[in-house]
Amino acid sequence: MLTSSYQPAPGRFLVSEPFMEDQNFQRTVILMVEHGETGSLGFVLNRQLNMKIHEVVKGISEIDSPVFLGGPVEQNTLHYVHRIGERVIGCHPVEQGVWWGGSFEVLKHLLESGEASARDVLFFIGYSGWSPGQLTEEIERKSWIVAPEDIDFIFREDYDDIWRQVLQHMGDKYKVISNYPVDPSLN
């Protein structure tokens with residue numbers, strides 16, 4: 001399986017190898033928001049749930065933001081990435097134009113007042129996390145391909161084919177594996 005020359009870092013993507021057996025991560029693209037000595041954390045971009053944020057959080061107006069399954073860890077928690085910026089007090093920069101977290105009350109106010117759009121934020125239930133060194137080991141075993149930052153893959157209308165699109169965006173040698181069938185025995 002291919003590897004890339006990119007190293008994990010906030011804003012980069014983890015793309016699962018085509019035949020990953022872990023059901024949580026088959027054909028997933030994860031936006032990394034944290035990577036360092038204490039471990040790594042990210043959110044799956046292509047596991048959109050059939051619900052909107054107003055159905056998950058009581059007391060929030062009927063905001064049409066979708067909700068994603070961010071990963072298998074702590075699925076009783078809510079996280080968000082946005083492009084609103086430092087108006088959301090306490091947020092952490094991920095990459096140019098992308099922030100993680102911050103004051104939920106401020107975010108809620110900005111969305112409800114129309115100062116920010118539902119298209120400016122992605123909500124995640126749970127997250128994908130790795131203990132120190134674990135992600136490096138998985139990358140060495142070729143479970144993940146690290147892809148470069150690209151905000152166009154974060155805030156978009158459709159995430160269904162993002163796994164293939166990120167690989168194709170990386171160039172010719174990745175285009176080949178982007179077309180691998182899910183089950184080669186059916187080919």
# chains A, B, ... in the order shown; residues from 1 in each chain; ligands from 1
>>> select_by_dssp(residues="chain A", states="alpha helix (DSSP H)", output="ChimeraX atom specification")
/A:53-56,104-113,134-140,162-169,172-178
>>> write_last_selection(atoms="N, CA and C atoms", output="CSV table (one decimal), in the first residue's frame")
chain,number,residue,atom,x,y,z
A,53,ILE,N,-28.5,19.6,13.9
A,53,ILE,CA,-28.0,20.0,15.2
A,53,ILE,C,-29.2,20.3,16.2
A,54,HIS,N,-30.2,20.9,15.6
A,54,HIS,CA,-31.4,21.3,16.5
A,54,HIS,C,-32.1,20.0,17.1
A,55,GLU,N,-31.9,18.9,16.4
A,55,GLU,CA,-32.4,17.6,16.9
A,55,GLU,C,-31.6,17.0,18.0
A,56,VAL,N,-30.3,17.4,18.1
A,56,VAL,CA,-29.4,16.9,19.1
A,56,VAL,C,-29.3,17.7,20.3
A,104,PHE,N,-19.6,27.4,23.1
A,104,PHE,CA,-20.8,27.0,22.4
A,104,PHE,C,-21.9,28.1,22.5
A,105,GLU,N,-22.0,28.8,23.6
A,105,GLU,CA,-23.0,29.9,23.7
A,105,GLU,C,-22.8,31.0,22.7
A,106,VAL,N,-21.5,31.3,22.4
A,106,VAL,CA,-21.2,32.3,21.4
A,106,VAL,C,-21.6,31.8,20.1
A,107,LEU,N,-21.2,30.6,19.8
A,107,LEU,CA,-21.5,29.9,18.5
A,107,LEU,C,-23.0,29.9,18.3
A,108,LYS,N,-23.7,29.5,19.3
A,108,LYS,CA,-25.2,29.4,19.2
A,108,LYS,C,-25.8,30.8,18.9
A,109,HIS,N,-25.3,31.8,19.6
A,109,HIS,CA,-25.8,33.2,19.3
A,109,HIS,C,-25.5,33.6,17.9
A,110,LEU,N,-24.3,33.4,17.4
A,110,LEU,CA,-23.9,33.8,16.0
A,110,LEU,C,-24.8,33.1,15.0
A,111,LEU,N,-25.1,31.8,15.2
A,111,LEU,CA,-25.9,31.1,14.3
A,111,LEU,C,-27.4,31.5,14.4
A,112,GLU,N,-27.9,31.7,15.6
A,112,GLU,CA,-29.3,32.1,15.7
A,112,GLU,C,-29.5,33.5,15.2
A,113,SER,N,-28.5,34.4,15.4
A,113,SER,CA,-28.7,35.8,15.0
A,113,SER,C,-28.5,36.0,13.5
A,134,GLN,N,0.5,6.0,18.9
A,134,GLN,CA,-0.4,5.0,18.3
A,134,GLN,C,-0.6,5.4,16.8
A,135,LEU,N,-0.9,6.6,16.5
A,135,LEU,CA,-1.1,7.0,15.1
A,135,LEU,C,0.1,6.8,14.2
A,136,THR,N,1.3,7.1,14.7
A,136,THR,CA,2.5,6.9,14.0
A,136,THR,C,2.7,5.4,13.7
A,137,GLU,N,2.4,4.5,14.6
A,137,GLU,CA,2.5,3.1,14.4
A,137,GLU,C,1.5,2.7,13.3
A,138,GLU,N,0.3,3.2,13.3
A,138,GLU,CA,-0.7,2.8,12.3
A,138,GLU,C,-0.3,3.3,10.9
A,139,ILE,N,0.3,4.5,10.9
A,139,ILE,CA,0.8,5.0,9.6
A,139,ILE,C,1.9,4.1,9.1
A,140,GLU,N,2.8,3.7,9.9
A,140,GLU,CA,3.9,2.8,9.5
A,140,GLU,C,3.4,1.5,9.0
A,162,ILE,N,-16.0,11.8,-0.8
A,162,ILE,CA,-14.8,12.6,-0.4
A,162,ILE,C,-13.5,11.6,-0.3
A,163,TRP,N,-13.7,10.4,0.1
A,163,TRP,CA,-12.6,9.5,0.2
A,163,TRP,C,-11.9,9.4,-1.1
A,164,ARG,N,-12.6,9.1,-2.2
A,164,ARG,CA,-12.1,9.0,-3.5
A,164,ARG,C,-11.5,10.4,-4.0
A,165,GLN,N,-12.2,11.4,-3.7
A,165,GLN,CA,-11.8,12.7,-4.2
A,165,GLN,C,-10.5,13.2,-3.5
A,166,VAL,N,-10.3,13.0,-2.3
A,166,VAL,CA,-9.0,13.4,-1.6
A,166,VAL,C,-7.9,12.6,-2.2
A,167,LEU,N,-8.1,11.3,-2.4
A,167,LEU,CA,-7.0,10.5,-3.0
A,167,LEU,C,-6.7,11.0,-4.4
A,168,GLN,N,-7.7,11.2,-5.2
A,168,GLN,CA,-7.5,11.7,-6.6
A,168,GLN,C,-6.8,13.0,-6.6
A,169,HIS,N,-7.1,13.9,-5.6
A,169,HIS,CA,-6.5,15.2,-5.5
A,169,HIS,C,-5.0,15.1,-5.2
A,172,ASP,N,-1.5,11.1,-9.4
A,172,ASP,CA,-1.7,9.9,-10.2
A,172,ASP,C,-1.6,8.6,-9.4
A,173,LYS,N,-0.5,8.4,-8.6
A,173,LYS,CA,-0.4,7.1,-7.9
A,173,LYS,C,-1.5,6.9,-6.9
A,174,TYR,N,-2.1,7.9,-6.4
A,174,TYR,CA,-3.3,7.8,-5.5
A,174,TYR,C,-4.6,7.6,-6.2
A,175,LYS,N,-4.7,8.1,-7.5
A,175,LYS,CA,-5.9,7.9,-8.3
A,175,LYS,C,-6.1,6.4,-8.5
A,176,VAL,N,-5.1,5.7,-8.7
A,176,VAL,CA,-5.2,4.2,-8.9
A,176,VAL,C,-5.9,3.6,-7.7
A,177,ILE,N,-5.5,3.8,-6.5
A,177,ILE,CA,-6.1,3.2,-5.3
A,177,ILE,C,-7.5,3.8,-5.0
A,178,SER,N,-7.7,5.0,-5.5
A,178,SER,CA,-9.1,5.6,-5.3
A,178,SER,C,-10.2,4.8,-6.0
>>> residues_around(residues="Phe19 in chain A", least_positions_apart="4", cutoff="9 Å", atoms="only C-alpha atoms", output="ChimeraX atom specification")
/A:26-27,143,180-183
>>> residues_around(residues="range 125-127 of chain A", least_positions_apart="5", cutoff="10 Å", atoms="only C-alpha atoms", output="list in words")
Ile30, Leu41, Gly42, Phe43, Val44, Leu49, Val56, Val67, Phe68, Leu69, Gly70, Gly71, Pro72, Val73, Glu74, Gln75, Asn76, Thr77, Leu78, His79 and Tyr80 of chain A
>>> write_last_selection(atoms="C-alpha atoms", output="mmCIF file, in the first residue's frame")
data_model
loop_
_atom_site.group_PDB
_atom_site.id
_atom_site.type_symbol
_atom_site.label_atom_id
_atom_site.label_comp_id
_atom_site.auth_asym_id
_atom_site.auth_seq_id
_atom_site.Cartn_x
_atom_site.Cartn_y
_atom_site.Cartn_z
ATOM 1 C CA ILE A 30 -10.511 12.280 9.077
ATOM 2 C CA LEU A 41 -7.502 13.783 17.647
ATOM 3 C CA GLY A 42 -9.678 14.218 14.590
ATOM 4 C CA PHE A 43 -13.174 13.939 13.159
ATOM 5 C CA VAL A 44 -14.544 11.692 10.419
ATOM 6 C CA LEU A 49 -25.888 11.217 10.398
ATOM 7 C CA VAL A 56 -29.386 16.859 19.063
ATOM 8 C CA VAL A 67 -24.284 16.260 12.422
ATOM 9 C CA PHE A 68 -21.526 13.736 11.742
ATOM 10 C CA LEU A 69 -20.256 10.713 13.634
ATOM 11 C CA GLY A 70 -16.791 12.047 14.470
ATOM 12 C CA GLY A 71 -15.467 8.676 15.538
ATOM 13 C CA PRO A 72 -15.905 5.830 17.986
ATOM 14 C CA VAL A 73 -14.550 7.638 21.074
ATOM 15 C CA GLU A 74 -16.894 9.319 23.592
ATOM 16 C CA GLN A 75 -19.983 9.308 21.424
ATOM 17 C CA ASN A 76 -21.817 11.169 24.165
ATOM 18 C CA THR A 77 -19.846 14.355 23.424
ATOM 19 C CA LEU A 78 -20.437 17.121 20.887
ATOM 20 C CA HIS A 79 -17.581 18.806 19.002
ATOM 21 C CA TYR A 80 -17.458 21.298 16.166
#
>>> atom_distance(atom1="CA of Glu34 in chain A", atom2="CA of Arg87 in chain A")
20.6 Å
>>> residues_around(residues="Glu149 in chain A", least_positions_apart="5", cutoff="9 Å", atoms="only C-alpha atoms", output="MDAnalysis selection string")
chainID A and resid 10:13 31 95
>>> write_last_selection(atoms="C-alpha atoms", output="compact mmCIF listing (two decimals), in the first residue's frame")
# COMPACT_ATOMS: atom_id res chain seq x y z
CA PRO A 10 -3.66 19.81 12.43
CA GLY A 11 -5.56 20.57 9.24
CA ARG A 12 -4.29 17.53 7.37
CA PHE A 13 -6.39 14.51 6.55
CA LEU A 31 -9.77 15.94 9.64
CA GLU A 95 -5.32 25.66 9.78
>>> select_by_dssp(residues="range 62-112 of chain A", states="strand (DSSP E)", output="list in words")
Pro66, Val67, Phe68, Leu69, Val73, Glu74, Gln75, Asn76, Thr77, Leu78, His79, Tyr80, Val81, His82, His92, Pro93, Val94, Glu95, Val98, Trp99 and Trp100 of chain A
>>> atom_distance(atom1="CA of Pro148 in chain A", atom2="CA of Gly97 in chain A")
14.7 Å
>>> residues_around(residues="Asp158 in chain A", least_positions_apart="5", cutoff="12 Å", atoms="only C-alpha atoms", output="ChimeraX atom specification")
/A:45-48,66,119,152-153,163,165
